[in-house]
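Note: the block below is protein-v8.tsv and it holds TSV, C-alpha atoms.
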chain	number	residue	atom	x	y	z
O	1325	MET	CA	-0.32	-5.98	19.53
O	1326	ASP	CA	1.68	-6.06	16.30
O	1327	LYS	CA	4.63	-3.71	16.02
O	1328	ILE	CA	4.45	-0.72	13.69
O	1329	LYS	CA	6.42	-1.61	10.55
O	1330	ILE	CA	8.65	1.05	9.01
O	1331	LEU	CA	10.42	0.86	5.66
O	1332	PHE	CA	13.56	2.96	6.15
O	1333	ALA	CA	16.02	3.90	3.39
O	1334	GLU	CA	19.34	5.74	3.84
O	1335	ASP	CA	22.46	5.27	1.73
O	1336	ASP	CA	24.87	6.67	4.34
O	1337	PRO	CA	25.83	3.49	6.29
O	1338	ASN	CA	26.74	5.36	9.47
O	1339	LEU	CA	23.57	7.46	9.66
O	1340	GLY	CA	21.49	4.53	8.44
O	1341	SER	CA	22.78	2.20	11.16
O	1342	ILE	CA	22.26	4.83	13.86
O	1343	LEU	CA	18.68	5.62	12.82
O	1344	ASN	CA	17.82	1.96	12.29
O	1345	ASP	CA	18.96	1.09	15.82
O	1346	PHE	CA	17.22	4.18	17.23
O	1347	LEU	CA	13.88	3.30	15.65
O	1348	GLU	CA	14.12	-0.31	16.82
O	1349	VAL	CA	14.83	0.87	20.37
O	1350	LYS	CA	11.66	2.98	20.10
O	1351	GLY	CA	9.74	-0.24	19.46
O	1352	TYR	CA	9.30	-0.20	15.68
O	1353	GLU	CA	9.93	-3.13	13.36
O	1354	VAL	CA	12.33	-1.69	10.78
O	1355	THR	CA	13.30	-2.87	7.30
O	1356	TYR	CA	16.51	-1.04	6.40
O	1357	CYS	CA	17.35	-0.40	2.73
O	1358	LYS	CA	20.46	1.24	1.26
O	1359	ASP	CA	19.13	2.24	-2.15
O	1360	GLY	CA	15.92	2.74	-4.11
O	1361	ASP	CA	15.97	-0.70	-5.70
O	1362	GLU	CA	16.00	-2.32	-2.26
O	1363	VAL	CA	13.04	-0.12	-1.29
O	1364	LEU	CA	10.90	-1.35	-4.19
O	1365	SER	CA	11.93	-4.97	-3.58
O	1366	ALA	CA	11.04	-4.78	0.12
O	1367	PHE	CA	7.73	-3.00	-0.56
O	1368	SER	CA	6.68	-5.67	-3.05
O	1369	LYS	CA	7.14	-8.39	-0.43
O	1370	ASP	CA	5.57	-6.84	2.67
O	1371	THR	CA	3.16	-4.20	3.97
O	1372	TYR	CA	4.36	-1.17	5.92
O	1373	ASP	CA	2.73	1.40	8.17
O	1374	LEU	CA	5.15	4.18	7.17
O	1375	CYS	CA	8.12	4.84	4.85
O	1376	VAL	CA	11.13	7.04	5.70
O	1377	LEU	CA	13.09	7.66	2.48
O	1378	ASP	CA	16.36	9.48	1.92
O	1379	VAL	CA	16.06	11.58	-1.24
O	1380	MET	CA	19.65	11.21	-2.50
O	1381	MET	CA	20.18	7.45	-2.98
O	1382	PRO	CA	21.98	5.39	-5.62
O	1383	LYS	CA	20.17	3.40	-8.35
O	1384	LEU	CA	16.82	5.05	-7.59
O	1385	ASP	CA	16.52	8.32	-5.67
O	1386	GLY	CA	13.89	8.72	-2.98
O	1387	PHE	CA	11.51	10.73	-5.17
O	1388	THR	CA	11.56	8.10	-7.93
O	1389	ALA	CA	11.11	5.26	-5.44
O	1390	ALA	CA	8.17	7.10	-3.84
O	1391	ARG	CA	6.49	7.58	-7.23
O	1392	GLU	CA	6.71	3.83	-7.79
O	1393	LEU	CA	5.29	3.11	-4.32
O	1394	ARG	CA	2.40	5.46	-4.99
O	1395	LYS	CA	1.42	3.44	-8.07
O	1396	THR	CA	0.37	0.57	-5.80
O	1397	ASP	CA	-0.37	2.35	-2.51
O	1398	GLN	CA	-1.80	5.85	-2.38
O	1399	ASN	CA	-2.13	5.89	1.40
O	1400	VAL	CA	1.10	4.71	3.05
O	1401	PRO	CA	2.66	7.73	4.82
O	1402	ILE	CA	6.04	8.89	3.47
O	1403	ILE	CA	8.66	11.05	5.18
O	1404	PHE	CA	11.54	12.33	3.05
O	1405	LEU	CA	15.02	12.87	4.48
O	1406	THR	CA	17.23	15.25	2.52
O	1407	ALA	CA	20.39	17.34	2.74
O	1408	LYS	CA	18.72	19.90	0.50
O	1409	SER	CA	16.61	22.74	1.78
O	1410	LEU	CA	15.54	24.08	-1.63
O	1411	GLN	CA	11.88	25.03	-1.86
O	1412	ALA	CA	11.65	23.24	-5.23
O	1413	ASP	CA	12.67	19.94	-3.64
O	1414	LYS	CA	10.12	20.31	-0.87
O	1415	LEU	CA	7.41	21.07	-3.42
O	1416	GLU	CA	8.44	18.01	-5.43
O	1417	GLY	CA	8.08	15.85	-2.34
O	1418	LEU	CA	4.65	17.27	-1.60
O	1419	LYS	CA	3.51	16.69	-5.18
O	1420	ILE	CA	4.39	13.01	-4.81
O	1421	GLY	CA	2.29	12.88	-1.67
O	1422	ALA	CA	4.84	13.18	1.13
O	1423	ASP	CA	3.44	13.53	4.64
O	1424	ASP	CA	6.58	15.24	5.95
O	1425	TYR	CA	10.01	16.46	4.87
O	1426	ILE	CA	13.04	16.65	7.20
O	1427	THR	CA	16.23	18.48	6.27
O	1428	LYS	CA	19.56	17.08	7.45
O	1429	PRO	CA	21.10	17.39	9.92
O	1430	PHE	CA	18.26	16.66	12.29
O	1431	ASN	CA	17.80	15.29	15.79
O	1432	SER	CA	16.70	11.64	16.05
O	1433	GLU	CA	14.04	12.62	18.57
O	1434	GLU	CA	12.59	15.07	16.04
O	1435	LEU	CA	12.22	12.23	13.54
O	1436	PHE	CA	10.58	10.09	16.23
O	1437	LEU	CA	8.07	12.82	17.12
O	1438	ARG	CA	7.18	13.41	13.49
O	1439	ILE	CA	6.65	9.67	12.98
O	1440	GLN	CA	4.43	9.55	16.07
O	1441	ASN	CA	2.32	12.46	14.85
O	1442	ILE	CA	1.77	10.91	11.43
O	1443	LEU	CA	0.98	7.46	12.86
O	1444	LYS	CA	-1.44	8.93	15.38
O	1445	ARG	CA	-3.41	10.39	12.48
O	1446	THR	CA	-3.19	7.43	10.10
O	1447	GLN	CA	-3.69	4.69	12.70
O	1448	GLY	CA	-6.73	6.52	14.02
O	1449	GLN	CA	-8.15	6.62	10.51
O	1450	ILE	CA	-7.46	2.91	10.06
O	1451	ARG	CA	-9.26	2.08	13.31
O	1452	ARG	CA	-12.29	4.09	12.19
O	1453	GLU	CA	-12.37	2.31	8.85
O	1454	GLU	CA	-11.38	-1.14	10.08
O	1455	SER	CA	-14.90	-2.38	10.75
O	1456	ARG	CA	-15.82	-1.92	7.08
O	1457	SER	CA	-12.52	-3.02	5.59
O	1458	ILE	CA	-12.21	-6.63	6.83
O	1459	TYR	CA	-14.12	-9.23	4.83
O	1460	SER	CA	-14.59	-12.98	5.20
O	1461	ILE	CA	-14.75	-14.71	1.83
O	1462	GLY	CA	-15.34	-18.40	2.43
O	1463	GLY	CA	-12.16	-19.57	4.13
O	1464	TYR	CA	-10.34	-16.35	3.21
O	1465	GLN	CA	-9.88	-13.15	5.16
O	1466	PHE	CA	-9.50	-10.02	3.05
O	1467	ASP	CA	-7.97	-6.94	4.69
O	1468	PHE	CA	-8.68	-4.12	2.26
O	1469	ASN	CA	-6.65	-1.45	4.07
O	1470	ARG	CA	-3.53	-3.60	4.08
O	1471	ARG	CA	-4.37	-5.23	0.74
O	1472	LEU	CA	-3.87	-8.71	2.18
O	1473	LEU	CA	-5.80	-11.85	1.23
O	1474	THR	CA	-5.18	-14.68	3.70
O	1475	PHE	CA	-6.12	-18.35	3.45
O	1476	LYS	CA	-4.92	-20.51	6.35
O	1477	ALA	CA	-1.16	-19.79	6.63
O	1478	LYS	CA	-0.82	-18.33	3.13
O	1479	THR	CA	-1.03	-14.57	2.55
O	1480	GLN	CA	-1.24	-12.86	-0.84
O	1481	LYS	CA	-0.48	-9.15	-1.11
O	1482	LEU	CA	-2.75	-7.45	-3.64
O	1483	THR	CA	-2.08	-4.42	-5.77
O	1484	SER	CA	-4.19	-1.35	-5.06
O	1485	ARG	CA	-6.38	-2.04	-8.10
O	1486	GLU	CA	-6.80	-5.75	-7.27
O	1487	ALA	CA	-7.85	-4.83	-3.73
O	1488	SER	CA	-10.31	-2.17	-4.93
O	1489	LEU	CA	-11.93	-4.57	-7.37
O	1490	LEU	CA	-12.22	-7.34	-4.77
O	1491	LYS	CA	-13.74	-4.86	-2.31
O	1492	LEU	CA	-16.38	-3.87	-4.86
O	1493	LEU	CA	-17.22	-7.53	-5.39
O	1494	CYS	CA	-17.44	-8.07	-1.61
O	1495	ASP	CA	-19.65	-5.01	-1.15
O	1496	ASN	CA	-21.97	-6.49	-3.78
O	1497	LYS	CA	-21.67	-10.15	-2.74
O	1498	ASN	CA	-24.27	-12.44	-4.29
O	1499	GLU	CA	-25.38	-9.49	-6.42
O	1500	ILE	CA	-24.29	-8.39	-9.88
O	1501	LEU	CA	-21.45	-5.87	-10.04
O	1502	SER	CA	-21.84	-4.18	-13.40
O	1503	ARG	CA	-18.79	-3.77	-15.60
O	1504	SER	CA	-19.60	-0.10	-16.05
O	1505	LYS	CA	-19.71	0.62	-12.31
O	1506	ALA	CA	-16.40	-1.16	-11.64
O	1507	LEU	CA	-14.65	0.52	-14.56
O	1508	LYS	CA	-15.83	4.01	-13.65
O	1509	GLU	CA	-15.00	3.64	-9.95
O	1510	ILE	CA	-11.59	1.98	-10.33
O	1511	TRP	CA	-10.30	2.77	-13.83
O	1512	LYS	CA	-12.18	6.10	-14.08
O	1513	ASP	CA	-13.08	5.22	-17.66
O	1514	ASP	CA	-15.35	2.75	-19.43
O	1515	ASN	CA	-13.85	1.82	-22.79
O	1516	TYR	CA	-12.66	-1.27	-24.64
O	1517	PHE	CA	-9.09	-1.13	-23.31
O	1518	THR	CA	-10.00	-0.60	-19.65
O	1519	SER	CA	-12.60	-3.35	-19.97
O	1520	ARG	CA	-9.96	-5.81	-21.23
O	1521	SER	CA	-7.68	-4.70	-18.39
O	1522	MET	CA	-10.42	-5.47	-15.85
O	1523	ASP	CA	-10.83	-8.97	-17.32
O	1524	VAL	CA	-7.14	-9.58	-16.58
O	1525	PHE	CA	-7.65	-8.48	-12.97
O	1526	ILE	CA	-10.72	-10.72	-12.60
O	1527	THR	CA	-8.59	-13.66	-13.78
O	1528	LYS	CA	-5.95	-12.79	-11.18
O	1529	LEU	CA	-8.53	-12.62	-8.39
O	1530	ARG	CA	-9.95	-15.99	-9.42
O	1531	SER	CA	-6.47	-17.50	-9.18
O	1532	TYR	CA	-6.04	-16.05	-5.68
O	1533	LEU	CA	-9.40	-17.47	-4.56
O	1534	ARG	CA	-9.03	-20.95	-6.09
O	1535	GLU	CA	-8.04	-22.59	-2.75
O	1536	ASP	CA	-11.66	-22.51	-1.57
O	1537	PRO	CA	-13.98	-24.22	-4.10
O	1538	ARG	CA	-17.01	-22.62	-2.45
O	1539	VAL	CA	-15.95	-19.18	-3.65
O	1540	GLU	CA	-16.52	-18.17	-7.25
O	1541	ILE	CA	-16.50	-15.01	-9.36
O	1542	VAL	CA	-19.21	-15.68	-11.91
O	1543	ASN	CA	-19.42	-14.02	-15.32
O	1544	ILE	CA	-22.86	-12.50	-15.95
O	1545	HIS	CA	-22.84	-12.30	-19.73
O	1546	GLY	CA	-23.09	-8.77	-21.06
O	1547	THR	CA	-23.60	-7.34	-17.59
O	1548	GLY	CA	-20.77	-7.90	-15.14
O	1549	PHE	CA	-19.67	-10.24	-12.35
O	1550	LYS	CA	-21.02	-11.78	-9.17
O	1551	LEU	CA	-19.02	-13.02	-6.16
O	1552	THR	CA	-20.85	-16.09	-4.85
O	1553	GLY	CA	-20.49	-19.08	-2.58
O	1554	TYR	CA	-19.95	-17.57	0.86
Could you express the structure from this file as structure tokens?
Amino acid sequence: MDKIKILFAEDDPNLGSILNDFLEVKGYEVTYCKDGDEVLSAFSKDTYDLCVLDVMMPKLDGFTAARELRKTDQNVPIIFLTAKSLQADKLEGLKIGADDYITKPFNSEELFLRIQNILKRTQGQIRREESRSIYSIGGYQFDFNRRLLTFKAKTQKLTSREASLLKLLCDNKNEILSRSKALKEIWKDDNYFTSRSMDVFITKLRSYLREDPRVEIVNIHGTGFKLTGY
């Protein structure tokens, strides 16, 4: 069974090293970052089951980093670590979509228990949804929940919008997906600008799927698109 992957950010090197080692001892695979820029860089290159973010970090603070993460992933659980106990800060974290908020100083075991509780909920949800979130597209495997498109040994991480559009195409395979339906479900609007934006995403998906010549996203003039060939 694959290890749970945690993206952990803490700018205090002493506390960061202690918590990193503690989480690894507990069996997690940890990516340790020391500032917000490192968080965004790591998140763009891999997929994580949970993020633990210190609020007060250099370059980008935890709140700002979390807002950026939420632009591409609305579901990854986030725990904020902070030295502040102000109600306004807690409310700010909740507005961003935090799953929990721990005020320093705290016991490492408390952090572990909170992580376990969140993962128990989210992993259970993933298991329930897994059967309808894995798609075979020719020689590709598409994992919608993790936003991963895999062909042989090569894996492409998709943005949230790319994954949602590909899922709609898969759910309507060999049938026409109307432009209007895709725009309203994913972009929440059907106008000229969102339509042009969708065309850009279709082009990106075609480039990701070009390794298997059997798979094609066909333009249906004036109507929409059809995923064919598998």
Worksheet entry | Interatomic distance (Å, one decimal) between atom CA of Asp1336 of chain O and atom CA of Asp1359 of chain O |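 So the answer is 9.7 Å.
Relative to atom CA of Asn1543 of chain O, atom CA of Leu1501 of chain O is found at 9.9 Å.
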Worksheet item: Hey, can you check how far atom CA of Asp1370 of chain O sits from atom CA of Leu1482 of chain O?
Response: 10.5 Å
Discussion item. Which residues are close to Leu1377 of chain O, i.e. within 9 Å by all atoms listed in the file, leaving aside same-chain residues fewer than 5 positions away? Reply as number ranges by chain.
Written reply: O: 1331-1334, 1360, 1363, 1385-1387, 1389-1390, 1402-1406
Pull C-alpha atoms from the residues just selected and write them as a PDB file, keeping the file's coordinate frame.
ATOM      1  CA  LEU O1331      10.420   0.860   5.660  1.00  0.00           C
ATOM      2  CA  PHE O1332      13.560   2.960   6.150  1.00  0.00           C
ATOM      3  CA  ALA O1333      16.020   3.900   3.390  1.00  0.00           C
ATOM      4  CA  GLU O1334      19.340   5.740   3.840  1.00  0.00           C
ATOM      5  CA  GLY O1360      15.920   2.740  -4.110  1.00  0.00           C
ATOM      6  CA  VAL O1363      13.040  -0.120  -1.290  1.00  0.00           C
ATOM      7  CA  ASP O1385      16.520   8.320  -5.670  1.00  0.00           C
ATOM      8  CA  GLY O1386      13.890   8.720  -2.980  1.00  0.00           C
ATOM      9  CA  PHE O1387      11.510  10.730  -5.170  1.00  0.00           C
ATOM     10  CA  ALA O1389      11.110   5.260  -5.440  1.00  0.00           C
ATOM     11  CA  ALA O1390       8.170   7.100  -3.840  1.00  0.00           C
ATOM     12  CA  ILE O1402       6.040   8.890   3.470  1.00  0.00           C
ATOM     13  CA  ILE O1403       8.660  11.050   5.180  1.00  0.00           C
ATOM     14  CA  PHE O1404      11.540  12.330   3.050  1.00  0.00           C
ATOM     15  CA  LEU O1405      15.020  12.870   4.480  1.00  0.00           C
ATOM     16  CA  THR O1406      17.230  15.250   2.520  1.00  0.00           C
TER      17      THR O1406
END
Worksheet entry | Nearest residue to Pro1401 of chain O from the set O:Asp1361, O:Glu1416, O:Asp1536, O:Asp1424 (distances using only C-alpha atoms) |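 The closest residue to Pro1401 of chain O is O:Asp1424.
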Within 12 Å of (-23.2, -12.6, -3.3) (file coordinates; all atoms listed in the file), which protein or nucleic acid residues are there? I'd like them as a short mmCIF file (atom, residue, chain, number, x, y, z; two decimals) with C-alpha atoms, keeping the file's coordinate frame.
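Just written: part_12.cif:
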data_model
loop_
_atom_site.label_atom_id
_atom_site.label_comp_id
_atom_site.auth_asym_id
_atom_site.auth_seq_id
_atom_site.Cartn_x
_atom_site.Cartn_y
_atom_site.Cartn_z
CA ILE O 1461 -14.75 -14.71 1.83
CA GLY O 1462 -15.34 -18.40 2.43
CA LEU O 1492 -16.38 -3.87 -4.86
CA LEU O 1493 -17.22 -7.53 -5.39
CA CYS O 1494 -17.44 -8.07 -1.61
CA ASP O 1495 -19.65 -5.01 -1.15
CA ASN O 1496 -21.97 -6.49 -3.78
CA LYS O 1497 -21.67 -10.15 -2.74
CA ASN O 1498 -24.27 -12.44 -4.29
CA GLU O 1499 -25.38 -9.49 -6.42
CA ILE O 1500 -24.29 -8.39 -9.88
CA LEU O 1501 -21.45 -5.87 -10.04
CA ARG O 1538 -17.01 -22.62 -2.45
CA VAL O 1539 -15.95 -19.18 -3.65
CA GLU O 1540 -16.52 -18.17 -7.25
CA ILE O 1541 -16.50 -15.01 -9.36
CA VAL O 1542 -19.21 -15.68 -11.91
CA PHE O 1549 -19.67 -10.24 -12.35
CA LYS O 1550 -21.02 -11.78 -9.17
CA LEU O 1551 -19.02 -13.02 -6.16
CA THR O 1552 -20.85 -16.09 -4.85
CA GLY O 1553 -20.49 -19.08 -2.58
CA TYR O 1554 -19.95 -17.57 0.86
#
For Phe1525 of chain O, list every protein, DNA or RNA residue within 12 Å, evaluated using only C-alpha atoms, and leave out those in the same chain fewer than 6 positions away; present the list as a compact mmCIF listing (two decimals) with C-alpha atoms, in the frame of the given file.
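Output file result05.txt follows:
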# COMPACT_ATOMS: atom_id res chain seq x y z
CA LEU O 1482 -2.75 -7.45 -3.64
CA THR O 1483 -2.08 -4.42 -5.77
CA SER O 1484 -4.19 -1.35 -5.06
CA ARG O 1485 -6.38 -2.04 -8.10
CA GLU O 1486 -6.80 -5.75 -7.27
CA ALA O 1487 -7.85 -4.83 -3.73
CA SER O 1488 -10.31 -2.17 -4.93
CA LEU O 1489 -11.93 -4.57 -7.37
CA LEU O 1490 -12.22 -7.34 -4.77
CA ALA O 1506 -16.40 -1.16 -11.64
CA LEU O 1507 -14.65 0.52 -14.56
CA ILE O 1510 -11.59 1.98 -10.33
CA TRP O 1511 -10.30 2.77 -13.83
CA THR O 1518 -10.00 -0.60 -19.65
CA SER O 1519 -12.60 -3.35 -19.97
CA SER O 1531 -6.47 -17.50 -9.18
CA TYR O 1532 -6.04 -16.05 -5.68
CA ILE O 1541 -16.50 -15.01 -9.36
Worksheet entry | Within 9 Å of Asn1399 of chain O using only C-alpha atoms, minus same-chain residues under 4 positions, as a list of chain:residue names |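 Final neighbour list, sorted by chain and number: O:Arg1394, O:Gly1421, O:Thr1446.
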Discussion item. Given the point (5.8, 12.8, 13.2) in the coordinates of this file, which residues lie within 12 Å, counting only C-alpha atoms, and how would they look as a ChimeraX atom specification?
Written reply: /O:1374-1376,1401-1404,1423-1426,1432-1446
Practice prompt. Counting only C-alpha atoms, figure out which residue out of O:Ile1342, O:Val1400, O:Ile1526, O:Leu1415 gets nearest to Asn1469 of chain O.
Written response: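 Residue with the minimum atom-to-atom distance to Asn1469 of chain O: O:Val1400.
Ranking O:Tyr1459, O:Phe1346, O:Phe1367, O:Phe1466 by their shortest atom-to-atom distance to Leu1393 of chain O, with only C-alpha atoms included, puts O:Phe1367 first.
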What are the centre and the three edge lengths of an axis-aligned box that wraps all atoms of segment 1368-1376 of chain O in the file, given that 3 Å is added to every side, written as AutoDock Vina command-line options and rounded to one decimal in Å?
--center_x 6.9 --center_y -0.7 --center_z 2.6 --size_x 14.4 --size_y 21.4 --size_z 17.2
Worksheet item: Smallest atom-to-atom distance to Ser1460 of chain O: which of O:Lys1491, O:Gln1480, O:Lys1327, O:Leu1529, using all atoms listed in the file?
Response: O:Lys1491
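Considering all atoms listed in the file, the residue among O:Lys1505, O:Arg1471, O:Asn1338, O:Ala1407 positioned nearest to Thr1547 of chain O is O:Lys1505.
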Output segment 1484-1508 of chain O from the block with N, CA and C atoms, as a tab-separated table (two decimals), in the first residue's frame?
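This went into decode-v7.tsv:
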chain	number	residue	atom	x	y	z
O	1484	SER	N	-7.02	21.23	-12.03
O	1484	SER	CA	-8.39	20.86	-11.65
O	1484	SER	C	-9.34	20.99	-12.84
O	1485	ARG	N	-9.19	22.06	-13.61
O	1485	ARG	CA	-10.09	22.29	-14.75
O	1485	ARG	C	-9.81	21.29	-15.87
O	1486	GLU	N	-8.55	20.98	-16.13
O	1486	GLU	CA	-8.22	19.98	-17.14
O	1486	GLU	C	-8.83	18.63	-16.77
O	1487	ALA	N	-8.69	18.26	-15.49
O	1487	ALA	CA	-9.22	16.97	-15.03
O	1487	ALA	C	-10.75	16.94	-15.15
O	1488	SER	N	-11.40	18.03	-14.78
O	1488	SER	CA	-12.87	18.07	-14.85
O	1488	SER	C	-13.36	17.96	-16.29
O	1489	LEU	N	-12.66	18.62	-17.20
O	1489	LEU	CA	-13.06	18.55	-18.61
O	1489	LEU	C	-12.83	17.15	-19.17
O	1490	LEU	N	-11.70	16.54	-18.83
O	1490	LEU	CA	-11.43	15.18	-19.32
O	1490	LEU	C	-12.44	14.19	-18.73
O	1491	LYS	N	-12.83	14.39	-17.49
O	1491	LYS	CA	-13.83	13.50	-16.88
O	1491	LYS	C	-15.17	13.61	-17.61
O	1492	LEU	N	-15.57	14.83	-17.95
O	1492	LEU	CA	-16.81	15.00	-18.70
O	1492	LEU	C	-16.75	14.28	-20.04
O	1493	LEU	N	-15.61	14.40	-20.72
O	1493	LEU	CA	-15.44	13.69	-21.99
O	1493	LEU	C	-15.51	12.18	-21.79
O	1494	CYS	N	-14.88	11.68	-20.71
O	1494	CYS	CA	-14.91	10.23	-20.43
O	1494	CYS	C	-16.32	9.77	-20.10
O	1495	ASP	N	-17.05	10.57	-19.33
O	1495	ASP	CA	-18.42	10.20	-18.96
O	1495	ASP	C	-19.34	10.19	-20.17
O	1496	ASN	N	-18.93	10.88	-21.23
O	1496	ASN	CA	-19.73	10.92	-22.46
O	1496	ASN	C	-18.97	10.31	-23.64
O	1497	LYS	N	-18.12	9.31	-23.35
O	1497	LYS	CA	-17.27	8.73	-24.39
O	1497	LYS	C	-18.11	8.22	-25.57
O	1498	ASN	N	-17.57	8.49	-26.76
O	1498	ASN	CA	-18.22	8.13	-28.02
O	1498	ASN	C	-19.58	8.81	-28.20
O	1499	GLU	N	-19.84	9.81	-27.38
O	1499	GLU	CA	-21.04	10.63	-27.53
O	1499	GLU	C	-20.62	12.10	-27.55
O	1500	ILE	N	-21.49	12.96	-28.04
O	1500	ILE	CA	-21.16	14.37	-28.13
O	1500	ILE	C	-21.32	15.04	-26.77
O	1501	LEU	N	-20.24	15.73	-26.34
O	1501	LEU	CA	-20.31	16.59	-25.16
O	1501	LEU	C	-20.53	18.01	-25.68
O	1502	SER	N	-21.67	18.57	-25.40
O	1502	SER	CA	-21.96	19.90	-25.93
O	1502	SER	C	-21.10	20.96	-25.26
O	1503	ARG	N	-20.75	21.98	-26.03
O	1503	ARG	CA	-19.95	23.09	-25.49
O	1503	ARG	C	-20.68	23.73	-24.31
O	1504	SER	N	-21.98	23.91	-24.48
O	1504	SER	CA	-22.77	24.58	-23.44
O	1504	SER	C	-22.73	23.83	-22.12
O	1505	LYS	N	-22.89	22.50	-22.19
O	1505	LYS	CA	-22.88	21.70	-20.96
O	1505	LYS	C	-21.54	21.80	-20.26
O	1506	ALA	N	-20.44	21.66	-21.02
O	1506	ALA	CA	-19.10	21.72	-20.42
O	1506	ALA	C	-18.83	23.09	-19.81
O	1507	LEU	N	-19.20	24.14	-20.52
O	1507	LEU	CA	-18.95	25.50	-20.02
O	1507	LEU	C	-19.74	25.79	-18.75
O	1508	LYS	N	-20.99	25.37	-18.72
O	1508	LYS	CA	-21.82	25.64	-17.54
O	1508	LYS	C	-21.39	24.82	-16.34
